[in-house]
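Below: one structure, written as structure tokens.
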Amino acid sequence: MLYPLVAGVLFGLYFSLVGIGLNLVFGVMRIVNLAHGDFLMLGAFVAFGIYTAAGLDPLVGIPVAFALFCVAGLLLYWVLVPRLQRARDPEMLSFILFFGFSQVIEALTTIVFGTSERSIPSRQLASSLAGIRASLFGGEATNGPFRIFGLSFPASWVVAATVSVIAIICVYLYLYRTRLGTLTRAVMSRRDEAVATGINVDRVSAAAFGIGLGLAAVAGVFAPFMFGSFTPAFGIDATVTSFVVVVLGSLGNPLGTALGGVVYGVSYMLVQTYLSSWADLLPYVLLIAILLLRPSGLLGRRVRVA
Amino acid sequence: MPDTLRHYLIIAVPLLIVMAVLPSVYSNHLLLFNFVIFFILAQGVNIIYGFTGYLPFGYVGFFGAGAYGFAIMVMHLNAPAPLAVLVGGAVAVVLGLILTPLLRLAGAYFSIANLAAALAVLHLVANPALEQITKGPYGVALNGTFNPTMAYAGGILILALTLGIVVYLKNSSFGLALQAVREDSFSASMSGVNVVKMRTVAWLASALVAGLAGGVFAWYVSVFYPDNVFSADFSIFAIVFALFGGVATISGPLIGVIILYGIYNLIGFTTPQYFQLIYGLLIMALVLFLPAGLVSLATRRGWYVP
Amino acid sequence: MIRKASIALAAALTLGTQAFAADAPAEIKIGTLYASSGRYASISMPVHSALKLWVEQKNAEGGVYVKAFDKKIPIKLVAYDDQSNTATAATLYNQLVTQDKVDMLVADSGSVLTAPAVTIARDHKMFLFDQTGTGASFFSKDNPYIALMADPVSTIWPKPVADFITHDGPGLGIKKVAILYSTNEFTGTQANAVRKFIKDSGAPIEIVYDQGIPTETTNYTVIINNILAKEPDAVIHLGYAPNDIAFLRNVQDVGAKFKMLFCIYPGLETELLEKNVGAKGLQHVFTYVPPQELEYPVNFGMKMSDFKKAWDAKYKDGKIEFGFNSVAGYTTALVLEKTLSVATSLDRMELRKAVFSLSGKLKTLDGTFALDEMGGQIGELTPLGQLELNEHGHIKFVSIYPHETATGKPVYPRP
């Protein structure tokens, strides 16, 4: 019982990171980014490129991927979103638009990189940190299994979970401690009023969009370790899982996603332990149940209409 | 009602006649059959999305449920194929009833919950624990009922039924009330429209046609795996086709299928993954420049499009 | 009157056939599908690439010998991309049969994409060259229009594994076995077969863990922990390549020590697994010994070493892995070539007769081609082997079971 619980928390924290970018984009712009998982996949390629081309610790990929996709997000925002917002039903059309975009990304990546599985050896992750740890606390300068409560877990999971927590704290600080973040929250809760009070909604939204894609790419850096391997086709599955996590926590509330991720992770691991062949069914049932019984998500606001 | 009659005569009847005659001219019957299936599914999406605004991202759940309803009737009860197709439709309606509470959810929440529901049904059907009933992941092979000609004829009948429903919705006060609900459910309910009941009726009609389509599809292909009949491609294609042509019209989804599925088959036949790229770009261009679908080219000029 | 008519008819028929025989087609059309993207791309592309390699090679020599016309005729490969989508695949198979009117119909790889072809071939009474679709439901006594080319049916395939455990296992101290499988047709059927072989053997082997998990599963940490709790002497993991990659990486990551560990894909797609899991993670893992490690004596087509050379020359960029699936594609091509060289016409039943006449006689780089009466492949069995590191730290295969082809002794328990 203890093992799946701890594994679930680690796994779930990572999934919070996977979902948080999707939720930020939705919360601010009411845009359903169906290409979210594809940005994750591209983030994985960044880490892969950094490791294979330069032999560097994939952790170096975090700032690189974040910066790269933040800029890409800003550019993309100005090209795509203003047109979309003028439409009658932007939320639904964004679904379709980003579905098309996800197809384009997958096709281009397949054309460039081919279809076979890729990965990065587990011990390469945080290899630079292992050296520091060894000099501080003694022990070996390698990333062997990590022991918690006397049970051993993959070191890469612990690293991914730690980075996820840091990323979530950063998102919190951004939203609650910066000016742009405060404006972002204003846009999230009442877009119309925000426009009326003269907030530059476009600037706020573009920032949120860039950060959202950047976070997806950061989550992607860990994908080769959390999923064993990745291919250009891996995006759509990641998107669906992100939705489950986001809705569990409450759509439109990025911090709820942290809770959603943990609930997802723990319940997944418990089912995998006790009813393994049903493991993939549970998240969906959980999702529907939460939407119907506690429609605002675990933390969040009203979503029902009738 | 002259409009109703006109719509039957200028759209439904010619389409049905063409689809009925084509097999004697063109011998790739399965391609024609797939056109019939996508006509039905795109119109099914039109019924629920076009007239009520709920985007069923897990629409394939009904299709797959219909296919398995058919398969179970044939495998376990030796039912004749036409009866089994009807049961397939009934199974989808029952599933629709079970999922009715989802209609309480707004916008993207509904779409995501619907997607989760479809995945849940897939994982249920494909679970090896139910091998005795559904054959689990090992797939269905139906021998006794195989009859492509009759299955094709069945498809034409279901298409006729579907078109009948859409023509009715387009011209009846019921359909107009539904669209009023879509625009503004609050004032519609104030004016005495029973919002919940009407939505449920549209939802079940949409489920019925998808379930019947799944039934004839199972009849036609007769060897399939859960992955085949629950493939997310069915939902995505049906939605994209309907939106491309333009929803809340009779002709829009049909035009969407003819053009997009036509291109899909023309290009998909000869070029490799560059096709996916073109398709994705096309979808994006459409959403950005023609968000109300192709028919809006005409409606913008003030022409009436049935 | 009737007699006269029938004589005339017979004469016309003879004339017709002669005219036909003299009128050799400019090319033999072989129709097939492949998946350039999506879930099945990684198994489909190597198979298809091998088929293309063969076509180019043969056409450079002026074509293949076709007995029906007693001359060499070039091959035209009509290939469409189904993008791993089964509805698209179904349409395209129909396109090949009804529009392109191909002479020979070859299925895409894997059971899921082969399934639509089985129905269509049967409907149009077209003989289906099934490359690697091992689905047990494809082969039945009432369907004469199919034969499996390049791998054994799933119900037979794991026999060497089960036999090793039941025959040699008790001597080594193997008493408790854990079976973990992905719930899809391919690996689910193999799991059923292993279970049945072990139970039917009467050997003192207990199955202490037997779980199916969804094929989409990509992390096994908790499952590995659950298996460890049962203290099995041998763990049999049956999954697709991504499952094996994730499973083996997780075994390493949590530092789990299993005394015997069997996985399918380290043998079938060794390059891919070595790239993703690392040589260390594959050390002492039991797996199928694929044909490319064995140099079977051939009586038709290229030897393994020549095929590998030809492959490396053509596919230099390494985007498509050389492995079991590429050999499977080439094996299919050899069966096609040999069939054309013995079939007296391109009629479907004659093609079938020709294919079945090769059973037990055709020896390719994939081993001996042998069919059962329903068209299931029962030759080309892959022995059980174990992966070891050579002095340069590279993976090498040690064949373990059956004993006749063994090249070494098992390392048990895995240190």
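Residues are referred to by chain and number: the chain letter is A, B, ... according to the order shown in the structure tokens, the number counts from 1 in that chain, and ligands are numbered separately from 1 in the order shown.
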Contact residues (chain A, partner chain B, 8 Å, only C-alpha atoms) as a VMD selection string: chain A and resid 32 80 83 to 84 87 91 to 94 96 to 105 107 to 108 110 to 111 243 to 244 247 277 to 278 280 to 282 284 to 285 287 to 288 291 to 292 295 303 to 306
query: What are the DSSP alpha helix (DSSP H) residues of segment 58-103 of chain C, as a ChimeraX atom specification?
result: /C:58-60,86-94
Residues from last step as file, C-alpha atoms, as an mmCIF file, in the first residue's frame:
data_model
loop_
_atom_site.group_PDB
_atom_site.id
_atom_site.type_symbol
_atom_site.label_atom_id
_atom_site.label_comp_id
_atom_site.auth_asym_id
_atom_site.auth_seq_id
_atom_site.Cartn_x
_atom_site.Cartn_y
_atom_site.Cartn_z
ATOM 1 C CA LYS C 58 14.749 -7.524 -58.826
ATOM 2 C CA ASN C 59 13.747 -4.816 -61.272
ATOM 3 C CA ALA C 60 17.415 -3.920 -61.712
ATOM 4 C CA THR C 86 -7.822 0.793 -39.855
ATOM 5 C CA ALA C 87 -10.788 2.405 -41.603
ATOM 6 C CA THR C 88 -8.387 3.948 -44.108
ATOM 7 C CA ALA C 89 -6.613 0.631 -44.430
ATOM 8 C CA ALA C 90 -9.884 -1.109 -45.273
ATOM 9 C CA THR C 91 -10.652 1.394 -48.039
ATOM 10 C CA LEU C 92 -7.154 1.128 -49.423
ATOM 11 C CA TYR C 93 -7.168 -2.667 -49.490
ATOM 12 C CA ASN C 94 -10.374 -2.450 -51.432
#
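Every protein, DNA or RNA residue with an atom at most 8 Å from segment 130-134 of chain B, where only C-alpha atoms count and chain neighbours fewer than 5 positions away do not, is listed here: Tyr68, Ile72, Leu124, Val125 and Val140 of chain B.
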message: What's around Phe127 of chain C at 9 Å? Count only C-alpha atoms, leave out sequence neighbours fewer than 4 positions away in its own chain, and write the answer as a PyMOL selection string.
response: chain C and resi 104-106+121-122+144-147+348-349+351-352
Applying 8 Å and only C-alpha atoms, which residues near Gly301 of chain C remain after dropping the ones on its own chain fewer than 6 positions away? List them as a short mmCIF file (atom, residue, chain, number, x, y, z; two decimals) with C-alpha atoms, in the first residue's frame.
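Listing of around.cif after writing:
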data_model
loop_
_atom_site.label_atom_id
_atom_site.label_comp_id
_atom_site.auth_asym_id
_atom_site.auth_seq_id
_atom_site.Cartn_x
_atom_site.Cartn_y
_atom_site.Cartn_z
CA LEU C 334 11.07 -14.21 -51.17
CA THR C 364 15.21 -18.53 -46.35
CA LEU C 365 17.21 -16.34 -44.04
#
Distance query Gly27 of chain A at most 12 Å, only C-alpha atoms, self and fewer than 3 positions along chain excluded, as a PyMOL selection string: (chain A and resi 20-24+30-33+91+184-191+204-205+208-209+212+246-247+250-257+300-301) or (chain B and resi 108)
Given the selection you just returned, output its residues as a file containing C-alpha atoms, formatted as a PDB file, in the first residue's frame.
ATOM      1  CA  ILE A  20      -0.440  23.028 -15.772  1.00  0.00           C
ATOM      2  CA  GLY A  21       0.457  24.690 -19.076  1.00  0.00           C
ATOM      3  CA  LEU A  22      -2.727  23.436 -20.686  1.00  0.00           C
ATOM      4  CA  ASN A  23      -4.748  24.839 -17.833  1.00  0.00           C
ATOM      5  CA  LEU A  24      -3.034  28.221 -17.848  1.00  0.00           C
ATOM      6  CA  ARG A  30     -10.633  29.963 -22.979  1.00  0.00           C
ATOM      7  CA  ILE A  31      -8.585  28.208 -25.609  1.00  0.00           C
ATOM      8  CA  VAL A  32      -8.451  24.449 -25.661  1.00  0.00           C
ATOM      9  CA  ASN A  33      -4.931  23.642 -26.763  1.00  0.00           C
ATOM     10  CA  GLU A  91     -13.632  27.936 -27.337  1.00  0.00           C
ATOM     11  CA  THR A 184      -3.550  37.493 -15.584  1.00  0.00           C
ATOM     12  CA  ARG A 185      -5.747  36.473 -12.690  1.00  0.00           C
ATOM     13  CA  ALA A 186      -8.038  39.387 -13.397  1.00  0.00           C
ATOM     14  CA  VAL A 187      -8.434  38.257 -16.996  1.00  0.00           C
ATOM     15  CA  MET A 188      -9.003  34.683 -15.847  1.00  0.00           C
ATOM     16  CA  SER A 189     -11.848  35.534 -13.502  1.00  0.00           C
ATOM     17  CA  ARG A 190     -13.661  38.212 -15.533  1.00  0.00           C
ATOM     18  CA  ARG A 191     -12.473  38.758 -19.018  1.00  0.00           C
ATOM     19  CA  VAL A 204      -1.458  39.274 -20.615  1.00  0.00           C
ATOM     20  CA  SER A 205      -2.792  36.468 -22.773  1.00  0.00           C
ATOM     21  CA  ALA A 208       0.228  33.207 -20.465  1.00  0.00           C
ATOM     22  CA  PHE A 209       0.285  31.427 -23.814  1.00  0.00           C
ATOM     23  CA  GLY A 212       1.918  27.613 -21.026  1.00  0.00           C
ATOM     24  CA  VAL A 246      -6.601  19.431 -15.481  1.00  0.00           C
ATOM     25  CA  VAL A 247     -10.273  18.643 -15.083  1.00  0.00           C
ATOM     26  CA  SER A 250     -10.548  22.211 -12.113  1.00  0.00           C
ATOM     27  CA  LEU A 251     -10.273  23.711 -15.549  1.00  0.00           C
ATOM     28  CA  GLY A 252      -9.146  27.311 -15.495  1.00  0.00           C
ATOM     29  CA  ASN A 253      -7.403  27.110 -12.136  1.00  0.00           C
ATOM     30  CA  PRO A 254      -3.712  26.340 -12.684  1.00  0.00           C
ATOM     31  CA  LEU A 255      -3.006  25.654  -9.035  1.00  0.00           C
ATOM     32  CA  GLY A 256      -5.812  23.133  -8.786  1.00  0.00           C
ATOM     33  CA  THR A 257      -3.878  21.173 -11.379  1.00  0.00           C
ATOM     34  CA  GLY A 300     -12.605  25.616  -8.535  1.00  0.00           C
ATOM     35  CA  ARG A 301     -15.603  27.329  -9.836  1.00  0.00           C
TER      36      ARG A 301
ATOM     37  CA  ALA B 108     -15.318  22.375 -23.153  1.00  0.00           C
TER      38      ALA B 108
END
Rows by chain and residue number, chain A within 10 Å of chain C, shortest pair, only C-alpha atoms, as a tab-separated table:
residue	atom	partner	partner_atom	distance
A:Tyr3	CA	C:Val222	CA	7.1
A:Pro4	CA	C:Val222	CA	5.9
A:Leu5	CA	C:Val222	CA	9.5
A:Val6	CA	C:Val222	CA	9.7
A:Ala7	CA	C:Val222	CA	7.0
A:Gly8	CA	C:Val222	CA	8.8
A:Phe11	CA	C:Asn219	CA	9.5
A:Glu106	CA	C:Ser37	CA	8.7
A:Ala107	CA	C:Ser37	CA	7.9
A:Thr110	CA	C:Ser37	CA	7.1
A:Ile111	CA	C:Ser36	CA	9.3
A:Val112	CA	C:Lys319	CA	9.5
A:Phe113	CA	C:Lys319	CA	7.1
A:Gly114	CA	C:Lys319	CA	5.6
A:Thr115	CA	C:Ser42	CA	5.8
A:Ser116	CA	C:Ser42	CA	5.2
A:Glu117	CA	C:Pro242	CA	7.2
A:Arg118	CA	C:Asn276	CA	6.2
A:Ser119	CA	C:Asn276	CA	5.2
A:Ile120	CA	C:Asn276	CA	6.7
A:Pro121	CA	C:Val277	CA	6.8
A:Ser122	CA	C:Asp253	CA	7.2
A:Arg123	CA	C:Asp253	CA	8.5
A:Asn143	CA	C:Asp253	CA	8.8
A:Gly144	CA	C:Asp253	CA	6.9
A:Pro145	CA	C:Val254	CA	5.0
A:Phe146	CA	C:Val254	CA	7.7
A:Arg147	CA	C:Val254	CA	9.2
A:Leu151	CA	C:Val254	CA	9.1
A:Ser152	CA	C:Val254	CA	5.6
A:Phe153	CA	C:Val254	CA	5.1
A:Pro154	CA	C:Asp253	CA	4.6
A:Ala155	CA	C:Asp253	CA	6.9
A:Ser156	CA	C:Asp253	CA	8.0
A:Trp157	CA	C:Asp253	CA	9.3
A:Pro224	CA	C:Ala246	CA	9.4
A:Phe225	CA	C:Arg249	CA	8.6
A:Met226	CA	C:Asn219	CA	6.9
A:Phe227	CA	C:Thr218	CA	4.9
A:Gly228	CA	C:Ala246	CA	4.0
A:Ser229	CA	C:Pro242	CA	6.7
A:Phe230	CA	C:Pro242	CA	8.4
A:Thr231	CA	C:Gly38	CA	9.2
A:Pro232	CA	C:Gly38	CA	8.4
A:Ala233	CA	C:Gly38	CA	5.6
A:Phe234	CA	C:Gly38	CA	8.7
A:Asp237	CA	C:Glu216	CA	8.9
A:Met269	CA	C:Val222	CA	6.7
A:Leu270	CA	C:Val222	CA	8.8
A:Gln272	CA	C:Ile223	CA	7.0
A:Thr273	CA	C:Ile223	CA	6.5
A:Tyr274	CA	C:Asn226	CA	9.4
A:Leu275	CA	C:Gln211	CA	8.9
A:Ser276	CA	C:Ile213	CA	5.5
A:Ser277	CA	C:Ile213	CA	4.3
A:Trp278	CA	C:Ile213	CA	7.5
A:Ala279	CA	C:Pro214	CA	7.3
A:Asp280	CA	C:Pro214	CA	6.6
A:Leu281	CA	C:Pro214	CA	9.3
- request: Find, counting only C-alpha atoms, the residue in C:Trp54, C:Tyr315, C:Tyr80, C:Tyr401 that gets nearest to chain B.
  value: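 Between C:Trp54, C:Tyr315, C:Tyr80, C:Tyr401, the residue approaching chain B most closely is C:Tyr80.
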